[in-house]
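Comments concern the structure below.
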Amino acid sequence: MIWPFNLLRPPRTPSHGTIEAIYGTIVAQSRLPAFYQGFGVADTVNGRFEMLVVHLWLVLRRIRTIQDASPFAQALFDYFCSDLDANLRELGVGDLSVPKRMQAFGEAFYGRSAAYDLALTEGREDLELALNRNVLDGADIENARRLAVYVGQVIAALDSVPPAKLRSGELPFPQPAVRDGEV
């Protein structure tokens, strides 16, 4: 039986279509050419995965601040896992290898999320180092600094979105600032 009182409050988890739209926005933002042409992120499967993880982490970080939002966060993470699984299969990874790869992806996501969360509490320099290590393979601290500035801008933009708008899929990602003459 549906209780009429449940109709008075918004659902904890957005619809599947909204989750799909939110995830699509995250993917689109993580694939902006500016990251690969202006921030030094490798335009490879690994580089794209790292940028996807950064953006998903940022959105999940914001969702965690909303009361009763763990089903929302879980639905978004589950969609991410489903997308990775589908991409592995599309790339021709065998059925027996997919679970091992998915476990590795999950460990990578949780490890990076924990590192970024800790770095935020420690300060900007720690965030720069974590981004340099994970996204830029430890090779480019200057671009890691620029990426850390962008992360701060995303945090500020997402924190300004009311929970109801976030649940409806409003993700106001800022455009990454590039250096003069770059795309």
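In the structure tokens, the first chain shown is A, the next is B, and so on; residue numbers restart at 1 for each chain, and ligands run from 1 in the order shown.
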
Self-check item: Who sits within 10 Å of His16 of chain A, only C-alpha atoms, same chain under 4 positions skipped, as a list in words
Solution: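 What passes the distance filter is Glu20, Ala21, Ile22, Ala75, Leu76 and Tyr79 of chain A.
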
Practice problem: Just the helix (DSSP H, G or I) stuff from segment 3-118 of chain A, please, per backbone DSSP, written as a PyMOL selection string. | Solution: chain A and resi 4-8+16-30+33-37+45-63+70-90+98-118

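If only C-alpha atoms are the atoms counted, then among A:Leu131, A:Val53, A:Ile66, A:Ile155 the closest residue to Phe80 of chain A is A:Val53.
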
Quiz item: Which residues, written as a PyMOL selection string, have at least one atom at most 9 Å from segment 171-174 of chain A, with only C-alpha atoms counted and residues fewer than 2 positions away on the same chain left out?
Solution: chain A and resi 22+25-26+29+59+150+153-154+157-158+161+165-166+169+176-177

Using only all heavy atoms, please write the residues we just selected to a file, as a compact mmCIF listing (two decimals), in the first residue's frame.
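File written: selection-v1.txt
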```
# COMPACT_ATOMS: atom_id res chain seq x y z
N ILE A 22 22.13 12.61 -15.10
CA ILE A 22 23.19 13.11 -14.22
C ILE A 22 24.52 12.47 -14.61
O ILE A 22 25.53 13.16 -14.76
CB ILE A 22 22.85 12.85 -12.74
CG1 ILE A 22 21.68 13.72 -12.30
CG2 ILE A 22 24.07 13.09 -11.84
CD1 ILE A 22 21.09 13.36 -10.94
N THR A 25 25.84 13.88 -17.82
CA THR A 25 26.44 15.20 -17.62
C THR A 25 27.85 15.06 -17.06
O THR A 25 28.77 15.76 -17.47
CB THR A 25 25.57 16.05 -16.68
OG1 THR A 25 24.26 16.18 -17.25
CG2 THR A 25 26.16 17.43 -16.45
N ILE A 26 28.03 14.14 -16.11
CA ILE A 26 29.35 13.89 -15.53
C ILE A 26 30.32 13.41 -16.61
O ILE A 26 31.45 13.89 -16.72
CB ILE A 26 29.25 12.87 -14.37
CG1 ILE A 26 28.49 13.47 -13.20
CG2 ILE A 26 30.63 12.38 -13.94
CD1 ILE A 26 28.08 12.46 -12.13
N GLN A 29 31.22 16.25 -19.06
CA GLN A 29 32.16 17.20 -18.46
C GLN A 29 33.56 16.60 -18.39
O GLN A 29 34.54 17.27 -18.69
CB GLN A 29 31.69 17.61 -17.06
CG GLN A 29 32.54 18.68 -16.41
CD GLN A 29 32.38 20.06 -17.04
OE1 GLN A 29 31.45 20.31 -17.80
NE2 GLN A 29 33.28 20.96 -16.72
N VAL A 59 30.62 14.99 -7.53
CA VAL A 59 29.16 14.96 -7.43
C VAL A 59 28.73 14.13 -6.22
O VAL A 59 27.86 14.54 -5.45
CB VAL A 59 28.53 14.44 -8.74
CG1 VAL A 59 27.03 14.23 -8.57
CG2 VAL A 59 28.81 15.42 -9.88
N TYR A 150 40.44 24.15 -10.53
CA TYR A 150 39.18 23.74 -11.16
C TYR A 150 38.33 22.93 -10.19
O TYR A 150 37.11 23.17 -10.08
CB TYR A 150 39.47 22.94 -12.43
CG TYR A 150 38.26 22.24 -12.99
CD1 TYR A 150 37.29 22.95 -13.70
CD2 TYR A 150 38.04 20.89 -12.77
CE1 TYR A 150 36.15 22.32 -14.19
CE2 TYR A 150 36.92 20.25 -13.26
CZ TYR A 150 35.97 20.97 -13.96
OH TYR A 150 34.85 20.34 -14.44
N GLN A 153 36.57 25.16 -7.91
CA GLN A 153 35.47 25.84 -8.58
C GLN A 153 34.25 24.93 -8.69
O GLN A 153 33.12 25.37 -8.51
CB GLN A 153 35.90 26.31 -9.97
CG GLN A 153 36.94 27.41 -9.94
CD GLN A 153 37.56 27.67 -11.31
OE1 GLN A 153 37.50 26.83 -12.21
NE2 GLN A 153 38.19 28.82 -11.45
N VAL A 154 34.49 23.66 -8.99
CA VAL A 154 33.39 22.71 -9.09
C VAL A 154 32.73 22.52 -7.73
O VAL A 154 31.49 22.51 -7.62
CB VAL A 154 33.85 21.35 -9.66
CG1 VAL A 154 32.73 20.32 -9.61
CG2 VAL A 154 34.34 21.51 -11.10
N ALA A 157 30.56 25.49 -7.06
CA ALA A 157 29.37 25.48 -7.92
C ALA A 157 28.35 24.44 -7.44
O ALA A 157 27.15 24.74 -7.35
CB ALA A 157 29.76 25.22 -9.36
N LEU A 158 28.82 23.23 -7.13
CA LEU A 158 27.90 22.18 -6.69
C LEU A 158 27.32 22.48 -5.31
O LEU A 158 26.15 22.19 -5.05
CB LEU A 158 28.60 20.82 -6.68
CG LEU A 158 28.97 20.25 -8.05
CD1 LEU A 158 29.77 18.96 -7.89
CD2 LEU A 158 27.74 20.01 -8.91
N VAL A 161 24.09 24.52 -5.28
CA VAL A 161 22.87 23.95 -5.84
C VAL A 161 22.00 23.39 -4.71
O VAL A 161 22.46 22.56 -3.93
CB VAL A 161 23.19 22.83 -6.85
CG1 VAL A 161 21.92 22.20 -7.39
CG2 VAL A 161 24.04 23.36 -7.98
N LYS A 165 17.18 20.68 -6.61
CA LYS A 165 17.67 20.88 -7.98
C LYS A 165 18.74 19.85 -8.32
O LYS A 165 18.81 19.38 -9.45
CB LYS A 165 18.21 22.29 -8.15
CG LYS A 165 17.10 23.33 -8.19
CD LYS A 165 17.62 24.66 -8.64
CE LYS A 165 16.44 25.60 -8.75
NZ LYS A 165 16.71 26.71 -9.62
N LEU A 166 19.55 19.49 -7.34
CA LEU A 166 20.56 18.46 -7.57
C LEU A 166 19.88 17.13 -7.88
O LEU A 166 20.27 16.42 -8.81
CB LEU A 166 21.47 18.32 -6.35
CG LEU A 166 22.70 17.46 -6.52
CD1 LEU A 166 23.67 18.09 -7.51
CD2 LEU A 166 23.39 17.26 -5.19
N GLY A 169 18.80 16.79 -11.34
CA GLY A 169 19.83 16.68 -12.37
C GLY A 169 20.57 17.95 -12.70
O GLY A 169 21.34 17.98 -13.65
N PRO A 176 36.43 24.57 -17.55
CA PRO A 176 37.82 24.62 -17.09
C PRO A 176 38.56 25.77 -17.76
O PRO A 176 38.44 25.97 -18.97
CB PRO A 176 38.39 23.26 -17.51
CG PRO A 176 37.43 22.69 -18.48
CD PRO A 176 36.12 23.37 -18.31
N ALA A 177 39.27 26.55 -16.96
CA ALA A 177 40.04 27.69 -17.48
C ALA A 177 41.31 27.17 -18.13
O ALA A 177 42.05 26.38 -17.54
CB ALA A 177 40.38 28.65 -16.34
```

Quiz item: Which residues, written as number ranges by chain, have at least one atom at most 8 Å from segment 45-49 of chain A, with only C-alpha atoms counted and residues fewer than 4 positions away on the same chain left out?
Solution: A: 30-31, 41, 53, 135-136

Write out the residues from the selection above, keeping C-alpha atoms, as a compact mmCIF listing (two decimals), in the first residue's frame.
```
# COMPACT_ATOMS: atom_id res chain seq x y z
CA SER A 30 34.97 14.71 -17.88
CA ARG A 31 35.51 14.40 -21.64
CA VAL A 41 45.61 14.73 -18.92
CA VAL A 53 36.46 9.44 -11.33
CA VAL A 135 45.39 11.96 -12.92
CA LEU A 136 48.75 13.09 -14.30
```

Practice problem: Determine, counting only C-alpha atoms, which protein, DNA and RNA residues have an atom within 9 Å of an atom of Thr13 of chain A; residues of the same chain fewer than 5 positions away are not included. Present the result as a ChimeraX atom specification. | Solution: /A:19,69-75,167

Keeping only N, CA, C and O atoms, write the selected residues to a file as a PDB file, in the first residue's frame.
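Result file again-v8.pdb:
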```
ATOM      1  N   ILE A  19      18.930   9.734 -13.097  1.00  0.00           N
ATOM      2  CA  ILE A  19      20.268   9.213 -12.784  1.00  0.00           C
ATOM      3  C   ILE A  19      21.085   9.108 -14.066  1.00  0.00           C
ATOM      4  O   ILE A  19      22.262   9.496 -14.116  1.00  0.00           O
ATOM      5  N   ALA A  69      20.255  10.962   1.471  1.00  0.00           N
ATOM      6  CA  ALA A  69      20.623  10.871   0.059  1.00  0.00           C
ATOM      7  C   ALA A  69      21.475   9.650  -0.276  1.00  0.00           C
ATOM      8  O   ALA A  69      21.910   9.513  -1.411  1.00  0.00           O
ATOM      9  N   SER A  70      21.688   8.752   0.678  1.00  0.00           N
ATOM     10  CA  SER A  70      22.540   7.601   0.344  1.00  0.00           C
ATOM     11  C   SER A  70      21.925   6.725  -0.753  1.00  0.00           C
ATOM     12  O   SER A  70      22.675   6.207  -1.591  1.00  0.00           O
ATOM     13  N   PRO A  71      20.592   6.562  -0.849  1.00  0.00           N
ATOM     14  CA  PRO A  71      20.068   5.813  -2.003  1.00  0.00           C
ATOM     15  C   PRO A  71      20.358   6.514  -3.332  1.00  0.00           C
ATOM     16  O   PRO A  71      20.613   5.869  -4.346  1.00  0.00           O
ATOM     17  N   PHE A  72      20.333   7.841  -3.325  1.00  0.00           N
ATOM     18  CA  PHE A  72      20.654   8.638  -4.503  1.00  0.00           C
ATOM     19  C   PHE A  72      22.106   8.395  -4.905  1.00  0.00           C
ATOM     20  O   PHE A  72      22.416   8.074  -6.062  1.00  0.00           O
ATOM     21  N   ALA A  73      23.017   8.506  -3.950  1.00  0.00           N
ATOM     22  CA  ALA A  73      24.438   8.283  -4.226  1.00  0.00           C
ATOM     23  C   ALA A  73      24.679   6.859  -4.712  1.00  0.00           C
ATOM     24  O   ALA A  73      25.446   6.639  -5.662  1.00  0.00           O
ATOM     25  N   GLN A  74      24.013   5.901  -4.091  1.00  0.00           N
ATOM     26  CA  GLN A  74      24.198   4.501  -4.481  1.00  0.00           C
ATOM     27  C   GLN A  74      23.691   4.258  -5.898  1.00  0.00           C
ATOM     28  O   GLN A  74      24.330   3.541  -6.675  1.00  0.00           O
ATOM     29  N   ALA A  75      22.564   4.857  -6.242  1.00  0.00           N
ATOM     30  CA  ALA A  75      22.024   4.685  -7.590  1.00  0.00           C
ATOM     31  C   ALA A  75      22.979   5.262  -8.640  1.00  0.00           C
ATOM     32  O   ALA A  75      23.189   4.655  -9.700  1.00  0.00           O
ATOM     33  N   ARG A 167      18.836  16.800  -7.134  1.00  0.00           N
ATOM     34  CA  ARG A 167      18.093  15.561  -7.369  1.00  0.00           C
ATOM     35  C   ARG A 167      17.405  15.553  -8.734  1.00  0.00           C
ATOM     36  O   ARG A 167      17.132  14.498  -9.289  1.00  0.00           O
TER      37      ARG A 167
END
```

Quiz item: Between atom CA of Arg61 of chain A and atom CA of Ala28 of chain A, what is the spacing in Å?
Solution: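 Result for atom CA of Ala28 of chain A versus atom CA of Arg61 of chain A: 18.5 Å, one decimal.
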
Practice problem: Compile the contact shell of Leu129 of chain A as a VMD selection string: residues with an atom at most 9 Å away, counting only C-alpha atoms, same-chain residues fewer than 3 positions apart removed. | Solution: chain A and resid 119 124 to 126 132 to 134 138 141 144 to 145

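Nearest-residue note for Phe77 of chain A: choosing from A:Val27, A:Leu60, A:Ala108, A:Ala115, the minimum distance belongs to A:Leu60, counting only C-alpha atoms.
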
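Closest approach to Leu58 of chain A among A:Glu90, A:Asp140, A:Glu128, A:Asp117: A:Asp117, based on only C-alpha atoms.
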
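Take atom CA of Ala42 of chain A and atom CA of Ala86 of chain A: the distance between them is 22.4 Å.
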
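In this comparison, which uses only C-alpha atoms, the residue of A:Ala34, A:Ile63, A:Leu56, A:Ala130 approaching Leu118 of chain A most closely is A:Ala130.
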